[in-house]
Amino acid sequence: TRQAKREAIVAFLLEKHRRQEPVLLVTRTIEEAKALVDRIRQEVPFARLLTAENEAEEPEIIRHAGELGAITVATGMAGRGTDIRLAEGARQLTVVVTEPSLNRRTDRQARNRAGRWGEPGETHLFASVDDEVFVRFAPGLVSKLLAGGLTVFDPEQSKAAVEHAQRAAEAFGRLRRVATQRFGDELAEARAEFFSQMRQHPVRLADMQQAWSALLEWLTAQARRHPDEYATPLPE
């Protein structure tokens with residue numbers, strides 16, 4: 001579960017902190033970043049938080065992120081364009097991603113923040129069955145995994161499950177973009193035809209507004225009557 005995953009992450013961070021290794025913890029949301037840093041500060045009071053809400057402090061936070069035993073919690077976008085340099089004596093930078101994103105590229109970008117400039121580093125991804133990518137895009141897979149009675153899965157099982165769910169999410173995203181483009185093209189075509197007719201047959205402004213509203217209602221009704229043409233269902 002999400003709570004069990006959070007405690008596992010904290011335990012992992014505390015072990016890294018005990019070894020004096022700096023850690024960058026990357027979350028998907030500001031809410032999760034705040035929840036985690038509050039929990040971590042119960043054990044390590046000086047853990048730092050970096051989000052869009054305090055981006056003015058970014059240079060100072062990043063400057064200290066490579067120090068011995070430093071723990072920095074950040075959202076995926078925060079501080080992304082700035083490299084973390086290891087302080088003297090620091091063995092490596094560990095990047096921990098707290099939840100699989102809906103596409104693999106975002107996770108790769110986060111994990112690539114370790115080992116920059118030829119410096120040593122490692123990355124870890126934590127996942128739980130109630131993460132969004134599983135709930136929305138791989139509910140059947142989750143049911144199969146849980147049917148075995150396991151609560152903790154080995155790395156190979158976890159990696160395969162994450163990749164399966166992310167591939168489904170990426171496919172859905174591509175189909176949704178195609179559907180959105182199709183609807184936009186048809187709306188633009190209808191709009192052009194509408195104004196062409198208005199130029200050929202001038203009408204009062206009130207009548208034109210009424211006609212345009214009727215056209216939009218018709219397009220919306222078409223999309224609702226034929227959802228397969230304009231949208232894609234969530235994968236099973």
# chains A, B, ... in the order shown; residues from 1 in each chain; ligands from 1
call {"tool": "select_by_dssp", "arguments": {"residues": "region 109-209 of chain A", "states": "alpha helix (DSSP H)", "output": "PyMOL selection string"}}
result
chain A and resi 109-111+132-137+139-147+155-200+205-209
call {"tool": "write_last_selection", "arguments": {"atoms": "C-alpha atoms", "output": "PDB file, in the first residue's frame"}}
result
ATOM      1  CA  GLN A 109      14.831  12.098 -16.485  1.00  0.00           C
ATOM      2  CA  ALA A 110      14.539  11.898 -12.706  1.00  0.00           C
ATOM      3  CA  ARG A 111      16.893   8.958 -12.390  1.00  0.00           C
ATOM      4  CA  GLU A 132      -2.046   5.856 -10.089  1.00  0.00           C
ATOM      5  CA  VAL A 133      -0.358   4.090 -12.995  1.00  0.00           C
ATOM      6  CA  PHE A 134      -1.520   0.694 -11.675  1.00  0.00           C
ATOM      7  CA  VAL A 135      -4.997   1.771 -10.564  1.00  0.00           C
ATOM      8  CA  ARG A 136      -5.809   3.425 -13.902  1.00  0.00           C
ATOM      9  CA  PHE A 137      -3.905   1.351 -16.418  1.00  0.00           C
ATOM     10  CA  PRO A 139      -6.013  -3.078 -12.568  1.00  0.00           C
ATOM     11  CA  GLY A 140      -6.120  -6.620 -13.970  1.00  0.00           C
ATOM     12  CA  LEU A 141      -2.390  -7.070 -13.430  1.00  0.00           C
ATOM     13  CA  VAL A 142      -2.675  -5.846  -9.841  1.00  0.00           C
ATOM     14  CA  SER A 143      -5.470  -8.341  -9.171  1.00  0.00           C
ATOM     15  CA  LYS A 144      -3.309 -11.174 -10.493  1.00  0.00           C
ATOM     16  CA  LEU A 145      -0.350 -10.131  -8.374  1.00  0.00           C
ATOM     17  CA  LEU A 146      -2.430  -9.851  -5.212  1.00  0.00           C
ATOM     18  CA  ALA A 147      -4.189 -13.150  -5.876  1.00  0.00           C
ATOM     19  CA  PRO A 155      12.689  -6.561  -8.147  1.00  0.00           C
ATOM     20  CA  GLU A 156      12.097  -8.429 -11.410  1.00  0.00           C
ATOM     21  CA  GLN A 157       8.351  -8.755 -10.751  1.00  0.00           C
ATOM     22  CA  SER A 158       8.135  -5.098  -9.797  1.00  0.00           C
ATOM     23  CA  LYS A 159      10.095  -3.932 -12.855  1.00  0.00           C
ATOM     24  CA  ALA A 160       7.928  -5.968 -15.221  1.00  0.00           C
ATOM     25  CA  ALA A 161       4.718  -4.721 -13.589  1.00  0.00           C
ATOM     26  CA  VAL A 162       5.792  -1.078 -13.775  1.00  0.00           C
ATOM     27  CA  GLU A 163       6.831  -1.360 -17.426  1.00  0.00           C
ATOM     28  CA  HIS A 164       3.543  -3.074 -18.325  1.00  0.00           C
ATOM     29  CA  ALA A 165       1.465  -0.344 -16.661  1.00  0.00           C
ATOM     30  CA  GLN A 166       3.540   2.476 -18.134  1.00  0.00           C
ATOM     31  CA  ARG A 167       3.310   1.033 -21.655  1.00  0.00           C
ATOM     32  CA  ALA A 168      -0.486   0.945 -21.277  1.00  0.00           C
ATOM     33  CA  ALA A 169      -0.496   4.535 -19.998  1.00  0.00           C
ATOM     34  CA  GLU A 170       1.706   5.719 -22.860  1.00  0.00           C
ATOM     35  CA  ALA A 171      -0.514   3.978 -25.432  1.00  0.00           C
ATOM     36  CA  PHE A 172      -3.582   5.608 -23.943  1.00  0.00           C
ATOM     37  CA  GLY A 173      -1.870   8.986 -24.044  1.00  0.00           C
ATOM     38  CA  ARG A 174      -1.028   8.599 -27.734  1.00  0.00           C
ATOM     39  CA  LEU A 175      -4.596   7.577 -28.619  1.00  0.00           C
ATOM     40  CA  ARG A 176      -6.026  10.442 -26.610  1.00  0.00           C
ATOM     41  CA  ARG A 177      -3.816  12.939 -28.431  1.00  0.00           C
ATOM     42  CA  VAL A 178      -4.973  11.538 -31.770  1.00  0.00           C
ATOM     43  CA  ALA A 179      -8.625  11.781 -30.691  1.00  0.00           C
ATOM     44  CA  THR A 180      -8.131  15.344 -29.462  1.00  0.00           C
ATOM     45  CA  GLN A 181      -6.473  16.313 -32.741  1.00  0.00           C
ATOM     46  CA  ARG A 182      -9.304  14.714 -34.711  1.00  0.00           C
ATOM     47  CA  PHE A 183     -11.949  16.604 -32.772  1.00  0.00           C
ATOM     48  CA  GLY A 184      -9.971  19.844 -33.115  1.00  0.00           C
ATOM     49  CA  ASP A 185      -9.676  19.384 -36.868  1.00  0.00           C
ATOM     50  CA  GLU A 186     -13.405  18.785 -37.254  1.00  0.00           C
ATOM     51  CA  LEU A 187     -14.204  21.791 -35.078  1.00  0.00           C
ATOM     52  CA  ALA A 188     -11.890  23.996 -37.159  1.00  0.00           C
ATOM     53  CA  GLU A 189     -13.500  22.723 -40.371  1.00  0.00           C
ATOM     54  CA  ALA A 190     -16.990  23.366 -39.028  1.00  0.00           C
ATOM     55  CA  ARG A 191     -15.958  26.823 -37.842  1.00  0.00           C
ATOM     56  CA  ALA A 192     -14.543  27.728 -41.246  1.00  0.00           C
ATOM     57  CA  GLU A 193     -17.717  26.540 -42.965  1.00  0.00           C
ATOM     58  CA  PHE A 194     -19.864  28.419 -40.473  1.00  0.00           C
ATOM     59  CA  PHE A 195     -18.161  31.755 -41.070  1.00  0.00           C
ATOM     60  CA  SER A 196     -18.098  31.148 -44.804  1.00  0.00           C
ATOM     61  CA  GLN A 197     -21.868  30.785 -44.721  1.00  0.00           C
ATOM     62  CA  MET A 198     -22.164  33.893 -42.540  1.00  0.00           C
ATOM     63  CA  ARG A 199     -20.208  35.944 -45.087  1.00  0.00           C
ATOM     64  CA  GLN A 200     -22.363  34.703 -47.946  1.00  0.00           C
ATOM     65  CA  LEU A 205     -25.245  39.183 -34.496  1.00  0.00           C
ATOM     66  CA  ALA A 206     -27.753  37.572 -32.132  1.00  0.00           C
ATOM     67  CA  ASP A 207     -28.719  35.035 -34.815  1.00  0.00           C
ATOM     68  CA  MET A 208     -25.066  34.283 -35.530  1.00  0.00           C
ATOM     69  CA  GLN A 209     -24.320  33.667 -31.860  1.00  0.00           C
TER      70      GLN A 209
END
call {"tool": "residues_around", "arguments": {"residues": "Arg63 (chain A)", "least_positions_apart": "2", "cutoff": "12 Å", "atoms": "only C-alpha atoms", "output": "JSON, numbers by chain"}}
result
{"A": [22, 48, 57, 58, 59, 60, 61, 65, 66, 67, 70, 72, 79, 82, 83, 84, 85, 86, 87]}
call {"tool": "write_last_selection", "arguments": {"atoms": "N, CA, C and O atoms", "output": "JSON list (two decimals), in the first residue's frame"}}
result
[["chain", "number", "residue", "atom", "x", "y", "z"],
["A", 22, "PRO", "N", 24.45, 11.37, 0.50],
["A", 22, "PRO", "CA", 23.38, 12.30, 0.13],
["A", 22, "PRO", "C", 22.31, 11.62, -0.72],
["A", 22, "PRO", "O", 22.62, 10.75, -1.54],
["A", 48, "ARG", "N", 15.58, 18.81, 3.54],
["A", 48, "ARG", "CA", 15.13, 19.99, 2.81],
["A", 48, "ARG", "C", 14.04, 19.63, 1.79],
["A", 48, "ARG", "O", 14.03, 18.54, 1.24],
["A", 57, "GLU", "N", 14.43, 29.54, -3.39],
["A", 57, "GLU", "CA", 15.47, 28.95, -2.55],
["A", 57, "GLU", "C", 16.23, 27.83, -3.27],
["A", 57, "GLU", "O", 17.12, 27.21, -2.67],
["A", 58, "GLU", "N", 15.89, 27.57, -4.52],
["A", 58, "GLU", "CA", 16.47, 26.44, -5.23],
["A", 58, "GLU", "C", 17.99, 26.43, -5.25],
["A", 58, "GLU", "O", 18.61, 25.40, -4.95],
["A", 59, "PRO", "N", 18.66, 27.56, -5.61],
["A", 59, "PRO", "CA", 20.14, 27.50, -5.66],
["A", 59, "PRO", "C", 20.76, 27.09, -4.34],
["A", 59, "PRO", "O", 21.71, 26.29, -4.31],
["A", 60, "GLU", "N", 20.24, 27.60, -3.25],
["A", 60, "GLU", "CA", 20.79, 27.27, -1.93],
["A", 60, "GLU", "C", 20.53, 25.81, -1.57],
["A", 60, "GLU", "O", 21.41, 25.11, -1.06],
["A", 61, "ILE", "N", 19.32, 25.33, -1.87],
["A", 61, "ILE", "CA", 18.98, 23.93, -1.55],
["A", 61, "ILE", "C", 19.84, 22.98, -2.37],
["A", 61, "ILE", "O", 20.39, 22.00, -1.86],
["A", 65, "ALA", "N", 22.65, 19.92, -1.46],
["A", 65, "ALA", "CA", 22.06, 18.60, -1.67],
["A", 65, "ALA", "C", 23.09, 17.49, -1.81],
["A", 65, "ALA", "O", 22.77, 16.32, -1.60],
["A", 66, "GLY", "N", 24.32, 17.82, -2.16],
["A", 66, "GLY", "CA", 25.36, 16.81, -2.31],
["A", 66, "GLY", "C", 26.24, 16.63, -1.10],
["A", 66, "GLY", "O", 27.25, 15.91, -1.15],
["A", 67, "GLU", "N", 25.87, 17.26, 0.00],
["A", 67, "GLU", "CA", 26.68, 17.17, 1.21],
["A", 67, "GLU", "C", 26.49, 15.83, 1.92],
["A", 67, "GLU", "O", 25.50, 15.11, 1.69],
["A", 70, "ALA", "N", 23.02, 14.49, 3.41],
["A", 70, "ALA", "CA", 21.92, 15.40, 3.05],
["A", 70, "ALA", "C", 20.74, 14.62, 2.50],
["A", 70, "ALA", "O", 20.90, 13.63, 1.77],
["A", 72, "THR", "N", 17.25, 15.57, 0.43],
["A", 72, "THR", "CA", 16.49, 16.60, -0.27],
["A", 72, "THR", "C", 15.28, 15.97, -0.92],
["A", 72, "THR", "O", 15.40, 15.00, -1.67],
["A", 79, "GLY", "N", 14.08, 21.98, -9.64],
["A", 79, "GLY", "CA", 15.52, 21.85, -9.70],
["A", 79, "GLY", "C", 16.04, 20.97, -10.81],
["A", 79, "GLY", "O", 17.21, 20.58, -10.80],
["A", 82, "THR", "N", 19.36, 21.84, -12.79],
["A", 82, "THR", "CA", 20.58, 22.10, -12.03],
["A", 82, "THR", "C", 21.19, 20.79, -11.53],
["A", 82, "THR", "O", 20.51, 19.99, -10.91],
["A", 83, "ASP", "N", 22.46, 20.60, -11.81],
["A", 83, "ASP", "CA", 23.14, 19.39, -11.36],
["A", 83, "ASP", "C", 23.51, 19.49, -9.88],
["A", 83, "ASP", "O", 23.87, 20.56, -9.39],
["A", 84, "ILE", "N", 23.45, 18.36, -9.21],
["A", 84, "ILE", "CA", 23.87, 18.27, -7.81],
["A", 84, "ILE", "C", 25.31, 17.76, -7.80],
["A", 84, "ILE", "O", 25.59, 16.66, -8.27],
["A", 85, "ARG", "N", 26.22, 18.56, -7.26],
["A", 85, "ARG", "CA", 27.62, 18.16, -7.19],
["A", 85, "ARG", "C", 27.91, 17.59, -5.81],
["A", 85, "ARG", "O", 27.47, 18.14, -4.79],
["A", 86, "LEU", "N", 28.67, 16.51, -5.80],
["A", 86, "LEU", "CA", 29.00, 15.87, -4.53],
["A", 86, "LEU", "C", 30.03, 16.70, -3.77],
["A", 86, "LEU", "O", 30.99, 17.21, -4.33],
["A", 87, "ALA", "N", 29.78, 16.81, -2.46],
["A", 87, "ALA", "CA", 30.74, 17.48, -1.59],
["A", 87, "ALA", "C", 31.93, 16.56, -1.34],
["A", 87, "ALA", "O", 31.86, 15.35, -1.57]]
call {"tool": "select_by_dssp", "arguments": {"residues": "region 51-175 of chain A", "states": "strand (DSSP E or B)", "output": "VMD selection string"}}
result
chain A and resid 71 to 75 93 to 97 121 to 125
call {"tool": "atom_distance", "arguments": {"atom1": "CA of Arg2 (chain A)", "atom2": "CA of Asp131 (chain A)"}}
result
7.2 Å
call {"tool": "closest_residue", "arguments": {"among": "A:Ala114, A:Ala127, A:Val44, A:Leu49", "to": "Glu15 (chain A)", "atoms": "only C-alpha atoms"}}
result
A:Val44
call {"tool": "atom_distance", "arguments": {"atom1": "CA of Arg41 (chain A)", "atom2": "CA of Leu102 (chain A)"}}
result
28.7 Å
call {"tool": "atom_distance", "arguments": {"atom1": "CA of Ile71 (chain A)", "atom2": "CA of Arg105 (chain A)"}}
result
24.2 Å
call {"tool": "decode", "arguments": {"residues": "region 125-138 of chain A", "atoms": "all heavy atoms", "output": "compact mmCIF listing (two decimals), in the first residue's frame"}}
result
# COMPACT_ATOMS: atom_id res chain seq x y z
N LEU A 125 13.60 3.03 -7.64
CA LEU A 125 12.18 3.38 -7.86
C LEU A 125 11.32 2.54 -6.92
O LEU A 125 11.43 1.31 -6.90
CB LEU A 125 11.80 3.10 -9.31
CG LEU A 125 10.31 3.21 -9.66
CD1 LEU A 125 9.84 4.65 -9.51
CD2 LEU A 125 10.05 2.71 -11.08
N PHE A 126 10.48 3.21 -6.15
CA PHE A 126 9.54 2.53 -5.26
C PHE A 126 8.15 2.57 -5.87
O PHE A 126 7.74 3.57 -6.46
CB PHE A 126 9.52 3.20 -3.89
CG PHE A 126 10.69 2.87 -3.01
CD1 PHE A 126 11.94 3.44 -3.24
CD2 PHE A 126 10.57 1.99 -1.95
CE1 PHE A 126 13.04 3.14 -2.45
CE2 PHE A 126 11.64 1.67 -1.14
CZ PHE A 126 12.89 2.25 -1.39
N ALA A 127 7.42 1.47 -5.73
CA ALA A 127 6.07 1.40 -6.30
C ALA A 127 5.17 0.60 -5.37
O ALA A 127 5.63 -0.26 -4.62
CB ALA A 127 6.10 0.75 -7.67
N SER A 128 3.88 0.92 -5.41
CA SER A 128 2.89 0.14 -4.66
C SER A 128 1.67 -0.05 -5.55
O SER A 128 1.47 0.68 -6.53
CB SER A 128 2.48 0.86 -3.36
OG SER A 128 1.79 2.06 -3.63
N VAL A 129 0.84 -1.03 -5.22
CA VAL A 129 -0.27 -1.39 -6.10
C VAL A 129 -1.34 -0.31 -6.17
O VAL A 129 -2.18 -0.34 -7.09
CB VAL A 129 -0.92 -2.72 -5.66
CG1 VAL A 129 0.05 -3.87 -5.84
CG2 VAL A 129 -1.40 -2.64 -4.20
N ASP A 130 -1.33 0.64 -5.24
CA ASP A 130 -2.32 1.71 -5.32
C ASP A 130 -1.76 2.99 -5.93
O ASP A 130 -2.38 4.05 -5.85
CB ASP A 130 -2.95 2.01 -3.94
CG ASP A 130 -1.91 2.23 -2.86
OD1 ASP A 130 -0.70 2.22 -3.17
OD2 ASP A 130 -2.31 2.42 -1.68
N ASP A 131 -0.60 2.90 -6.58
CA ASP A 131 -0.11 4.04 -7.36
C ASP A 131 -1.02 4.25 -8.57
O ASP A 131 -1.61 3.32 -9.10
CB ASP A 131 1.32 3.78 -7.85
CG ASP A 131 2.34 3.85 -6.72
OD1 ASP A 131 2.06 4.53 -5.71
OD2 ASP A 131 3.42 3.24 -6.86
N GLU A 132 -1.11 5.50 -9.02
CA GLU A 132 -2.05 5.86 -10.09
C GLU A 132 -1.85 5.03 -11.36
O GLU A 132 -2.82 4.61 -11.99
CB GLU A 132 -1.91 7.34 -10.43
CG GLU A 132 -2.88 7.80 -11.51
CD GLU A 132 -2.71 9.25 -11.90
OE1 GLU A 132 -1.80 9.92 -11.35
OE2 GLU A 132 -3.47 9.72 -12.76
N VAL A 133 -0.60 4.80 -11.74
CA VAL A 133 -0.36 4.09 -12.99
C VAL A 133 -0.93 2.67 -12.96
O VAL A 133 -1.42 2.16 -13.98
CB VAL A 133 1.15 4.06 -13.32
CG1 VAL A 133 1.92 3.16 -12.37
CG2 VAL A 133 1.39 3.68 -14.77
N PHE A 134 -0.94 2.03 -11.79
CA PHE A 134 -1.52 0.69 -11.68
C PHE A 134 -3.04 0.75 -11.59
O PHE A 134 -3.75 -0.03 -12.23
CB PHE A 134 -0.97 -0.02 -10.45
CG PHE A 134 0.50 -0.36 -10.54
CD1 PHE A 134 1.40 0.13 -9.62
CD2 PHE A 134 0.96 -1.16 -11.56
CE1 PHE A 134 2.74 -0.17 -9.71
CE2 PHE A 134 2.31 -1.49 -11.66
CZ PHE A 134 3.21 -0.98 -10.73
N VAL A 135 -3.55 1.67 -10.78
CA VAL A 135 -5.00 1.77 -10.56
C VAL A 135 -5.71 2.09 -11.88
O VAL A 135 -6.75 1.50 -12.20
CB VAL A 135 -5.31 2.85 -9.51
CG1 VAL A 135 -6.81 3.09 -9.41
CG2 VAL A 135 -4.76 2.42 -8.15
N ARG A 136 -5.14 3.00 -12.67
CA ARG A 136 -5.81 3.43 -13.90
C ARG A 136 -5.52 2.52 -15.10
O ARG A 136 -6.40 2.30 -15.93
CB ARG A 136 -5.38 4.85 -14.26
CG ARG A 136 -5.91 5.93 -13.34
CD ARG A 136 -5.49 7.30 -13.83
NE ARG A 136 -5.98 7.56 -15.19
CZ ARG A 136 -5.56 8.59 -15.93
NH1 ARG A 136 -4.65 9.43 -15.45
NH2 ARG A 136 -6.05 8.78 -17.14
N PHE A 137 -4.30 1.99 -15.18
CA PHE A 137 -3.90 1.35 -16.42
C PHE A 137 -3.56 -0.13 -16.31
O PHE A 137 -3.32 -0.77 -17.33
CB PHE A 137 -2.71 2.11 -17.02
CG PHE A 137 -3.04 3.53 -17.37
CD1 PHE A 137 -2.65 4.58 -16.54
CD2 PHE A 137 -3.79 3.82 -18.49
CE1 PHE A 137 -2.98 5.89 -16.85
CE2 PHE A 137 -4.13 5.12 -18.81
CZ PHE A 137 -3.73 6.16 -17.99
N ALA A 138 -3.52 -0.67 -15.11
CA ALA A 138 -3.22 -2.10 -14.99
C ALA A 138 -3.96 -2.75 -13.83
O ALA A 138 -3.37 -3.49 -13.04
CB ALA A 138 -1.71 -2.31 -14.84
